[in-house]
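Okay, final.cif now, which holds mmCIF, C-alpha atoms; chains and numbers go by the auth columns:
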data_run
#
loop_
_atom_site.group_PDB
_atom_site.id
_atom_site.type_symbol
_atom_site.label_atom_id
_atom_site.label_comp_id
_atom_site.label_asym_id
_atom_site.label_seq_id
_atom_site.Cartn_x
_atom_site.Cartn_y
_atom_site.Cartn_z
_atom_site.B_iso_or_equiv
_atom_site.auth_seq_id
_atom_site.auth_asym_id
ATOM 1 C CA MET A 1 146.008 -39.066 -51.135 0.00 1428 A
ATOM 2 C CA ALA A 2 147.445 -41.929 -53.076 0.00 1429 A
ATOM 3 C CA VAL A 3 146.848 -43.881 -56.214 0.00 1430 A
ATOM 4 C CA GLU A 4 145.434 -47.337 -55.640 0.00 1431 A
ATOM 5 C CA VAL A 5 144.857 -50.316 -57.823 0.00 1432 A
ATOM 6 C CA VAL A 6 141.314 -51.582 -58.077 0.00 1433 A
ATOM 7 C CA TYR A 7 139.983 -54.425 -60.192 0.00 1434 A
ATOM 8 C CA ARG A 8 136.736 -54.936 -62.047 0.00 1435 A
ATOM 9 C CA SER A 9 135.103 -57.325 -64.474 0.00 1436 A
ATOM 10 C CA SER A 10 134.443 -55.799 -67.881 0.00 1437 A
ATOM 11 C CA ARG A 11 131.037 -57.536 -67.667 0.00 1438 A
ATOM 12 C CA ASP A 12 130.041 -55.280 -64.770 0.00 1439 A
ATOM 13 C CA PRO A 13 132.276 -52.199 -64.675 0.00 1440 A
ATOM 14 C CA GLU A 14 130.381 -50.650 -61.776 0.00 1441 A
ATOM 15 C CA ARG A 15 131.609 -53.153 -59.273 0.00 1442 A
ATOM 16 C CA LEU A 16 135.171 -52.615 -58.049 0.00 1443 A
ATOM 17 C CA PHE A 17 137.322 -55.024 -56.082 0.00 1444 A
ATOM 18 C CA MET A 18 140.467 -54.436 -54.057 0.00 1445 A
ATOM 19 C CA ASP A 19 141.421 -58.046 -54.505 0.00 1446 A
ATOM 20 C CA LYS A 20 142.264 -59.387 -57.945 0.00 1447 A
ATOM 21 C CA ALA A 21 141.335 -62.976 -57.139 0.00 1448 A
ATOM 22 C CA GLU A 22 137.931 -61.839 -55.982 0.00 1449 A
ATOM 23 C CA ALA A 23 137.388 -59.818 -59.166 0.00 1450 A
ATOM 24 C CA ASP A 24 138.372 -62.893 -61.104 0.00 1451 A
ATOM 25 C CA ARG A 25 135.880 -65.111 -59.309 0.00 1452 A
ATOM 26 C CA TYR A 26 133.187 -62.529 -59.903 0.00 1453 A
ATOM 27 C CA ASP A 27 134.022 -62.344 -63.612 0.00 1454 A
ATOM 28 C CA LYS A 28 133.865 -66.132 -63.946 0.00 1455 A
ATOM 29 C CA MET A 29 130.537 -66.220 -62.138 0.00 1456 A
ATOM 30 C CA LEU A 30 129.131 -63.612 -64.541 0.00 1457 A
ATOM 31 C CA GLU A 31 130.472 -65.477 -67.551 0.00 1458 A
ATOM 32 C CA LEU A 32 128.732 -68.673 -66.514 0.00 1459 A
ATOM 33 C CA ALA A 33 125.552 -66.746 -65.664 0.00 1460 A
ATOM 34 C CA GLU A 34 125.468 -65.154 -69.118 0.00 1461 A
ATOM 35 C CA ARG A 35 125.936 -68.436 -70.919 0.00 1462 A
ATOM 36 C CA LEU A 36 123.289 -70.112 -68.812 0.00 1463 A
ATOM 37 C CA SER A 37 120.796 -67.317 -69.418 0.00 1464 A
ATOM 38 C CA GLU A 38 121.395 -67.651 -73.117 0.00 1465 A
ATOM 39 C CA VAL A 39 120.829 -71.408 -73.378 0.00 1466 A
ATOM 40 C CA LEU A 40 117.866 -71.392 -71.014 0.00 1467 A
ATOM 41 C CA HIS A 41 116.310 -68.637 -73.011 0.00 1468 A
ATOM 42 C CA LYS A 42 116.716 -70.603 -76.210 0.00 1469 A
ATOM 43 C CA ALA A 43 115.289 -73.726 -74.614 0.00 1470 A
ATOM 44 C CA VAL A 44 112.320 -71.969 -73.005 0.00 1471 A
ATOM 45 C CA PRO A 45 111.590 -68.923 -75.164 0.00 1472 A
ATOM 46 C CA SER A 46 108.694 -67.824 -72.990 0.00 1473 A
ATOM 47 C CA LEU A 47 111.166 -66.744 -70.269 0.00 1474 A
ATOM 48 C CA SER A 48 111.427 -63.001 -69.903 0.00 1475 A
ATOM 49 C CA GLU A 49 114.882 -61.471 -70.151 0.00 1476 A
ATOM 50 C CA GLU A 50 114.755 -60.800 -66.419 0.00 1477 A
ATOM 51 C CA GLN A 51 113.818 -64.358 -65.553 0.00 1478 A
ATOM 52 C CA GLY A 52 116.639 -65.660 -67.739 0.00 1479 A
ATOM 53 C CA GLU A 53 119.128 -63.397 -65.998 0.00 1480 A
ATOM 54 C CA GLU A 54 117.910 -64.277 -62.528 0.00 1481 A
ATOM 55 C CA LEU A 55 118.144 -67.978 -63.289 0.00 1482 A
ATOM 56 C CA GLY A 56 121.650 -67.610 -64.693 0.00 1483 A
ATOM 57 C CA ILE A 57 122.935 -65.618 -61.725 0.00 1484 A
ATOM 58 C CA PHE A 58 121.291 -67.899 -59.197 0.00 1485 A
ATOM 59 C CA MET A 59 122.798 -71.022 -60.703 0.00 1486 A
ATOM 60 C CA ALA A 60 126.211 -69.488 -61.342 0.00 1487 A
ATOM 61 C CA LYS A 61 126.423 -68.314 -57.725 0.00 1488 A
ATOM 62 C CA ASN A 62 125.712 -71.858 -56.608 0.00 1489 A
ATOM 63 C CA ARG A 63 127.790 -73.596 -59.237 0.00 1490 A
ATOM 64 C CA ASP A 64 129.388 -76.097 -56.864 0.00 1491 A
ATOM 65 C CA VAL A 65 126.047 -77.392 -55.725 0.00 1492 A
ATOM 66 C CA PHE A 66 124.732 -77.618 -59.293 0.00 1493 A
ATOM 67 C CA ALA A 67 127.931 -79.319 -60.449 0.00 1494 A
ATOM 68 C CA LYS A 68 127.365 -82.040 -57.849 0.00 1495 A
ATOM 69 C CA ALA A 69 123.672 -82.354 -58.657 0.00 1496 A
ATOM 70 C CA PHE A 70 124.287 -82.752 -62.389 0.00 1497 A
ATOM 71 C CA LYS A 71 127.220 -85.071 -61.957 0.00 1498 A
ATOM 72 C CA SER A 72 125.583 -87.652 -59.745 0.00 1499 A
ATOM 73 C CA GLN A 73 123.800 -86.305 -56.681 0.00 1500 A
ATOM 74 C CA PRO A 74 120.451 -84.617 -57.281 0.00 1501 A
ATOM 75 C CA ASP A 75 120.158 -84.560 -53.459 0.00 1502 A
ATOM 76 C CA ALA A 76 122.852 -81.917 -53.379 0.00 1503 A
ATOM 77 C CA LEU A 77 120.202 -79.375 -54.348 0.00 1504 A
ATOM 78 C CA GLU A 78 118.814 -79.638 -50.840 0.00 1505 A
ATOM 79 C CA GLU A 79 121.904 -77.782 -49.619 0.00 1506 A
ATOM 80 C CA LEU A 80 120.754 -74.627 -51.354 0.00 1507 A
ATOM 81 C CA GLU A 81 119.517 -71.878 -49.170 0.00 1508 A
ATOM 82 C CA ILE A 82 117.278 -70.021 -51.458 0.00 1509 A
ATOM 83 C CA GLU A 83 116.479 -66.420 -51.145 0.00 1510 A
ATOM 84 C CA ALA A 84 113.970 -65.553 -53.785 0.00 1511 A
ATOM 85 C CA ALA A 85 115.246 -63.069 -56.337 0.00 1512 A
ATOM 86 C CA SER A 86 113.683 -59.697 -55.774 0.00 1513 A
ATOM 87 C CA GLU A 87 111.279 -58.618 -58.441 0.00 1514 A
ATOM 88 C CA MET B 1 99.847 -114.338 -76.776 0.00 1500 B
ATOM 89 C CA ALA B 2 102.310 -114.175 -73.934 0.00 1501 B
ATOM 90 C CA VAL B 3 102.967 -112.299 -70.770 0.00 1502 B
ATOM 91 C CA GLU B 4 105.806 -109.815 -71.013 0.00 1503 B
ATOM 92 C CA VAL B 5 107.699 -107.742 -68.527 0.00 1504 B
ATOM 93 C CA VAL B 6 107.647 -104.016 -69.053 0.00 1505 B
ATOM 94 C CA TYR B 7 109.172 -101.325 -66.898 0.00 1506 B
ATOM 95 C CA ARG B 8 108.084 -97.842 -65.974 0.00 1507 B
ATOM 96 C CA SER B 9 109.031 -94.992 -63.693 0.00 1508 B
ATOM 97 C CA SER B 10 106.481 -94.306 -60.979 0.00 1509 B
ATOM 98 C CA ARG B 11 107.019 -90.626 -61.814 0.00 1510 B
ATOM 99 C CA ASP B 12 105.500 -91.130 -65.266 0.00 1511 B
ATOM 100 C CA PRO B 13 103.459 -94.340 -65.320 0.00 1512 B
ATOM 101 C CA GLU B 14 102.282 -93.768 -68.889 0.00 1513 B
ATOM 102 C CA ARG B 15 105.653 -94.414 -70.389 0.00 1514 B
ATOM 103 C CA LEU B 16 106.626 -98.081 -70.637 0.00 1515 B
ATOM 104 C CA PHE B 17 110.052 -99.507 -71.400 0.00 1516 B
ATOM 105 C CA MET B 18 111.086 -102.962 -72.526 0.00 1517 B
ATOM 106 C CA ASP B 19 114.537 -102.383 -71.094 0.00 1518 B
ATOM 107 C CA LYS B 20 115.021 -101.973 -67.351 0.00 1519 B
ATOM 108 C CA ALA B 21 118.200 -99.915 -67.674 0.00 1520 B
ATOM 109 C CA GLU B 22 116.433 -97.495 -69.965 0.00 1521 B
ATOM 110 C CA ALA B 23 113.530 -97.148 -67.532 0.00 1522 B
ATOM 111 C CA ASP B 24 116.061 -96.512 -64.821 0.00 1523 B
ATOM 112 C CA ARG B 25 117.792 -93.749 -66.782 0.00 1524 B
ATOM 113 C CA TYR B 26 114.443 -92.186 -67.504 0.00 1525 B
ATOM 114 C CA ASP B 27 113.475 -92.292 -63.823 0.00 1526 B
ATOM 115 C CA LYS B 28 116.756 -90.646 -62.817 0.00 1527 B
ATOM 116 C CA MET B 29 116.297 -87.952 -65.432 0.00 1528 B
ATOM 117 C CA LEU B 30 112.808 -87.199 -64.110 0.00 1529 B
ATOM 118 C CA GLU B 31 114.057 -87.135 -60.530 0.00 1530 B
ATOM 119 C CA LEU B 32 116.698 -84.542 -61.381 0.00 1531 B
ATOM 120 C CA ALA B 33 114.196 -82.556 -63.459 0.00 1532 B
ATOM 121 C CA GLU B 34 111.738 -82.417 -60.562 0.00 1533 B
ATOM 122 C CA ARG B 35 114.330 -81.253 -58.096 0.00 1534 B
ATOM 123 C CA LEU B 36 115.628 -78.633 -60.485 0.00 1535 B
ATOM 124 C CA SER B 37 112.137 -77.310 -61.180 0.00 1536 B
ATOM 125 C CA GLU B 38 111.575 -77.014 -57.474 0.00 1537 B
ATOM 126 C CA VAL B 39 114.720 -75.031 -56.665 0.00 1538 B
ATOM 127 C CA LEU B 40 114.434 -72.813 -59.726 0.00 1539 B
ATOM 128 C CA HIS B 41 110.885 -72.059 -58.836 0.00 1540 B
ATOM 129 C CA LYS B 42 111.887 -71.052 -55.332 0.00 1541 B
ATOM 130 C CA ALA B 43 114.723 -68.884 -56.631 0.00 1542 B
ATOM 131 C CA VAL B 44 112.647 -67.178 -59.322 0.00 1543 B
ATOM 132 C CA PRO B 45 109.050 -67.256 -58.101 0.00 1544 B
ATOM 133 C CA SER B 46 107.773 -65.457 -61.174 0.00 1545 B
ATOM 134 C CA LEU B 47 108.337 -68.635 -63.231 0.00 1546 B
ATOM 135 C CA SER B 48 105.140 -70.359 -64.233 0.00 1547 B
ATOM 136 C CA GLU B 49 104.784 -74.009 -63.320 0.00 1548 B
ATOM 137 C CA GLU B 50 105.184 -74.878 -66.980 0.00 1549 B
ATOM 138 C CA GLN B 51 108.368 -72.858 -67.365 0.00 1550 B
ATOM 139 C CA GLY B 52 109.811 -74.490 -64.262 0.00 1551 B
ATOM 140 C CA GLU B 53 109.045 -77.940 -65.632 0.00 1552 B
ATOM 141 C CA GLU B 54 110.429 -77.190 -69.071 0.00 1553 B
ATOM 142 C CA LEU B 55 113.659 -75.860 -67.558 0.00 1554 B
ATOM 143 C CA GLY B 56 114.029 -78.887 -65.311 0.00 1555 B
ATOM 144 C CA ILE B 57 113.469 -81.379 -68.123 0.00 1556 B
ATOM 145 C CA PHE B 58 115.744 -79.518 -70.516 0.00 1557 B
ATOM 146 C CA MET B 59 118.622 -79.421 -68.058 0.00 1558 B
ATOM 147 C CA ALA B 60 118.110 -82.961 -66.785 0.00 1559 B
ATOM 148 C CA LYS B 61 118.138 -84.315 -70.354 0.00 1560 B
ATOM 149 C CA ASN B 62 121.439 -82.555 -70.899 0.00 1561 B
ATOM 150 C CA ARG B 63 122.913 -83.275 -67.504 0.00 1562 B
ATOM 151 C CA ASP B 64 126.366 -84.229 -68.776 0.00 1563 B
ATOM 152 C CA VAL B 65 126.819 -80.930 -70.546 0.00 1564 B
ATOM 153 C CA PHE B 66 125.588 -78.968 -67.535 0.00 1565 B
ATOM 154 C CA ALA B 67 127.803 -80.985 -65.197 0.00 1566 B
ATOM 155 C CA LYS B 68 130.819 -79.954 -67.261 0.00 1567 B
ATOM 156 C CA ALA B 69 129.721 -76.337 -67.501 0.00 1568 B
ATOM 157 C CA PHE B 70 129.204 -76.014 -63.753 0.00 1569 B
ATOM 158 C CA LYS B 71 132.337 -77.871 -62.882 0.00 1570 B
ATOM 159 C CA SER B 72 134.788 -75.851 -64.901 0.00 1571 B
ATOM 160 C CA GLN B 73 133.874 -75.354 -68.545 0.00 1572 B
ATOM 161 C CA PRO B 74 131.135 -72.842 -69.272 0.00 1573 B
ATOM 162 C CA ASP B 75 132.073 -73.351 -72.958 0.00 1574 B
ATOM 163 C CA ALA B 76 130.571 -76.800 -72.783 0.00 1575 B
ATOM 164 C CA LEU B 77 127.158 -75.172 -73.121 0.00 1576 B
ATOM 165 C CA GLU B 78 127.953 -74.513 -76.765 0.00 1577 B
ATOM 166 C CA GLU B 79 127.611 -78.240 -77.388 0.00 1578 B
ATOM 167 C CA LEU B 80 123.896 -78.054 -76.701 0.00 1579 B
ATOM 168 C CA GLU B 81 121.632 -78.387 -79.643 0.00 1580 B
ATOM 169 C CA ILE B 82 118.597 -76.607 -78.508 0.00 1581 B
ATOM 170 C CA GLU B 83 115.166 -77.298 -79.717 0.00 1582 B
ATOM 171 C CA ALA B 84 112.843 -74.827 -78.127 0.00 1583 B
ATOM 172 C CA ALA B 85 110.238 -76.396 -75.886 0.00 1584 B
ATOM 173 C CA SER B 86 106.884 -76.313 -77.561 0.00 1585 B
ATOM 174 C CA GLU B 87 104.462 -73.941 -75.989 0.00 1586 B
#
Written form, structure tokens:
Amino acid sequence: MAVEVVYRSSRDPERLFMDKAEADRYDKMLELAERLSEVLHKAVPSLSEEQGEELGIFMAKNRDVFAKAFKSQPDALEELEIEAASE
Amino acid sequence: MAVEVVYRSSRDPERLFMDKAEADRYDKMLELAERLSEVLHKAVPSLSEEQGEELGIFMAKNRDVFAKAFKSQPDALEELEIEAASE
């Protein structure tokens, strides 16, 4: 038996990481997802909470592709391999 | 009476512009909006067609802010002044 260090994002304490950099990336992804869900929900109030969350997570996970698409290349969105969020 | 040149995007033939550059910006905005609606709809199939369109238009109109947010500054989303889409 030994004591080990594990890392987690305070936004999702259930999920533990052995690698700090990975925990950090995960935390940043969740931060972006939360902010996206919030603004999308304000812009389109008919979204359910679940839909808002799914949209935020989906876009935050693919942030590089969306960054390109918004900057100058809408085509970049074709790179996305989309697995529909489970209901 | 005189003949004048007006411009329009083939994506929305109803809307006419006196200025070609403005028509061009509008066409690019609609292109991005369409592509966004499509990918968001695939990712979150429970979205209605209307919700997908509203999300696409909202984000495409604010593409600079979203480009920043996805690139590196989620805070940028606070700049958005959100007027909820009319139902």
For chain B against chain A, which residues fall within 7 Å using only C-alpha atoms, given as an mmCIF file with C-alpha atoms, in the frame of the given file?
data_model
loop_
_atom_site.group_PDB
_atom_site.id
_atom_site.type_symbol
_atom_site.label_atom_id
_atom_site.label_comp_id
_atom_site.auth_asym_id
_atom_site.auth_seq_id
_atom_site.Cartn_x
_atom_site.Cartn_y
_atom_site.Cartn_z
ATOM 1 C CA LEU B 1531 116.698 -84.542 -61.381
ATOM 2 C CA LYS B 1541 111.887 -71.052 -55.332
ATOM 3 C CA ALA B 1542 114.723 -68.884 -56.631
ATOM 4 C CA VAL B 1543 112.647 -67.178 -59.322
ATOM 5 C CA PRO B 1544 109.050 -67.256 -58.101
ATOM 6 C CA GLN B 1550 108.368 -72.858 -67.365
ATOM 7 C CA GLU B 1553 110.429 -77.190 -69.071
ATOM 8 C CA LEU B 1554 113.659 -75.860 -67.558
ATOM 9 C CA ARG B 1562 122.913 -83.275 -67.504
ATOM 10 C CA ASP B 1563 126.366 -84.229 -68.776
ATOM 11 C CA PHE B 1565 125.588 -78.968 -67.535
ATOM 12 C CA ALA B 1566 127.803 -80.985 -65.197
ATOM 13 C CA PHE B 1569 129.204 -76.014 -63.753
ATOM 14 C CA LYS B 1570 132.337 -77.871 -62.882
ATOM 15 C CA PRO B 1573 131.135 -72.842 -69.272
ATOM 16 C CA ILE B 1581 118.597 -76.607 -78.508
ATOM 17 C CA GLU B 1582 115.166 -77.298 -79.717
ATOM 18 C CA ALA B 1583 112.843 -74.827 -78.127
ATOM 19 C CA ALA B 1584 110.238 -76.396 -75.886
#
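Here CA of Met1517 (chain B) stands at a distance of 5.0 Å from CA of Val1505 (chain B).
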What does the distance between CA of Arg1514 (chain B) and CA of Glu1578 (chain B) come to in Å, to one decimal place?
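Distance reported for this atom pair: 28.2 Å.
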Calculate how many Å separate CA of Tyr1434 (chain A) from CA of Asp1446 (chain A), rounding to one decimal.
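A separation of 6.9 Å between them.
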Compare B:Asp1526, B:Ala1501, B:Ser1536, B:Arg1507 by their minimum atom-to-atom distance to Gly1555 (chain B), counting only C-alpha atoms, and give me the closest one.
B:Ser1536
I need region 1541-1553 of chain B written out with all heavy atoms, as a tab-separated table (two decimals), in the first residue's frame; please produce it.
chain	number	residue	atom	x	y	z
B	1541	LYS	N	-26.42	17.49	-35.69
B	1541	LYS	CA	-25.94	16.10	-35.68
B	1541	LYS	C	-25.49	15.71	-34.27
B	1541	LYS	O	-25.70	14.58	-33.84
B	1541	LYS	CB	-24.76	15.93	-36.63
B	1541	LYS	CG	-25.20	15.58	-38.03
B	1541	LYS	CD	-23.99	15.17	-38.87
B	1541	LYS	CE	-24.23	15.53	-40.32
B	1541	LYS	NZ	-23.01	15.74	-41.08
B	1542	ALA	N	-24.85	16.65	-33.59
B	1542	ALA	CA	-24.30	16.34	-32.26
B	1542	ALA	C	-25.41	16.22	-31.21
B	1542	ALA	O	-25.30	15.43	-30.28
B	1542	ALA	CB	-23.31	17.41	-31.84
B	1543	VAL	N	-26.44	17.02	-31.35
B	1543	VAL	CA	-27.54	17.01	-30.37
B	1543	VAL	C	-28.85	16.90	-31.15
B	1543	VAL	O	-29.54	17.88	-31.41
B	1543	VAL	CB	-27.52	18.31	-29.51
B	1543	VAL	CG1	-28.62	18.28	-28.45
B	1543	VAL	CG2	-26.15	18.50	-28.85
B	1544	PRO	N	-29.18	15.64	-31.52
B	1544	PRO	CA	-30.32	15.44	-32.43
B	1544	PRO	C	-31.65	15.89	-31.86
B	1544	PRO	O	-32.60	16.08	-32.61
B	1544	PRO	CB	-30.33	13.92	-32.65
B	1544	PRO	CG	-28.98	13.44	-32.22
B	1544	PRO	CD	-28.50	14.39	-31.18
B	1545	SER	N	-31.71	16.08	-30.54
B	1545	SER	CA	-32.99	16.50	-29.98
B	1545	SER	C	-33.29	17.98	-30.27
B	1545	SER	O	-34.41	18.44	-30.01
B	1545	SER	CB	-33.00	16.27	-28.46
B	1545	SER	OG	-32.09	17.13	-27.82
B	1546	LEU	N	-32.33	18.72	-30.81
B	1546	LEU	CA	-32.61	20.12	-31.17
B	1546	LEU	C	-33.67	20.17	-32.26
B	1546	LEU	O	-33.63	19.40	-33.21
B	1546	LEU	CB	-31.35	20.80	-31.74
B	1546	LEU	CG	-30.19	21.08	-30.81
B	1546	LEU	CD1	-29.06	21.73	-31.62
B	1546	LEU	CD2	-30.60	21.98	-29.66
B	1547	SER	N	-34.57	21.13	-32.13
B	1547	SER	CA	-35.52	21.33	-33.23
B	1547	SER	C	-34.81	22.08	-34.34
B	1547	SER	O	-33.75	22.67	-34.13
B	1547	SER	CB	-36.71	22.17	-32.74
B	1547	SER	OG	-36.29	23.50	-32.51
B	1548	GLU	N	-35.40	22.06	-35.54
B	1548	GLU	CA	-34.76	22.75	-36.64
B	1548	GLU	C	-34.61	24.23	-36.32
B	1548	GLU	O	-33.58	24.86	-36.59
B	1548	GLU	CB	-35.62	22.58	-37.90
B	1548	GLU	CG	-34.89	22.99	-39.16
B	1548	GLU	CD	-35.49	22.31	-40.39
B	1548	GLU	OE1	-36.01	21.19	-40.26
B	1548	GLU	OE2	-35.43	22.92	-41.46
B	1549	GLU	N	-35.63	24.77	-35.67
B	1549	GLU	CA	-35.60	26.19	-35.31
B	1549	GLU	C	-34.47	26.50	-34.32
B	1549	GLU	O	-33.77	27.50	-34.46
B	1549	GLU	CB	-36.94	26.55	-34.67
B	1549	GLU	CG	-37.48	27.85	-35.15
B	1549	GLU	CD	-38.87	28.09	-34.56
B	1549	GLU	OE1	-39.18	27.53	-33.48
B	1549	GLU	OE2	-39.63	28.85	-35.18
B	1550	GLN	N	-34.34	25.65	-33.32
B	1550	GLN	CA	-33.27	25.87	-32.33
B	1550	GLN	C	-31.90	25.83	-33.00
B	1550	GLN	O	-31.04	26.63	-32.72
B	1550	GLN	CB	-33.34	24.81	-31.22
B	1550	GLN	CG	-34.53	24.98	-30.28
B	1550	GLN	CD	-34.65	23.82	-29.31
B	1550	GLN	OE1	-34.43	22.66	-29.67
B	1550	GLN	NE2	-35.01	24.11	-28.07
B	1551	GLY	N	-31.74	24.84	-33.90
B	1551	GLY	CA	-30.47	24.71	-34.61
B	1551	GLY	C	-30.16	25.98	-35.41
B	1551	GLY	O	-29.04	26.49	-35.39
B	1552	GLU	N	-31.18	26.50	-36.08
B	1552	GLU	CA	-30.98	27.71	-36.88
B	1552	GLU	C	-30.66	28.91	-36.01
B	1552	GLU	O	-29.78	29.71	-36.32
B	1552	GLU	CB	-32.24	28.02	-37.68
B	1552	GLU	CG	-32.22	27.39	-39.05
B	1552	GLU	CD	-33.51	27.65	-39.81
B	1552	GLU	OE1	-34.13	28.71	-39.65
B	1552	GLU	OE2	-33.90	26.74	-40.58
B	1553	GLU	N	-31.40	29.04	-34.92
B	1553	GLU	CA	-31.17	30.19	-34.03
B	1553	GLU	C	-29.76	30.15	-33.45
B	1553	GLU	O	-29.08	31.17	-33.35
B	1553	GLU	CB	-32.20	30.20	-32.88
B	1553	GLU	CG	-33.58	30.66	-33.34
B	1553	GLU	CD	-34.64	30.54	-32.24
B	1553	GLU	OE1	-34.29	30.24	-31.08
B	1553	GLU	OE2	-35.82	30.75	-32.56
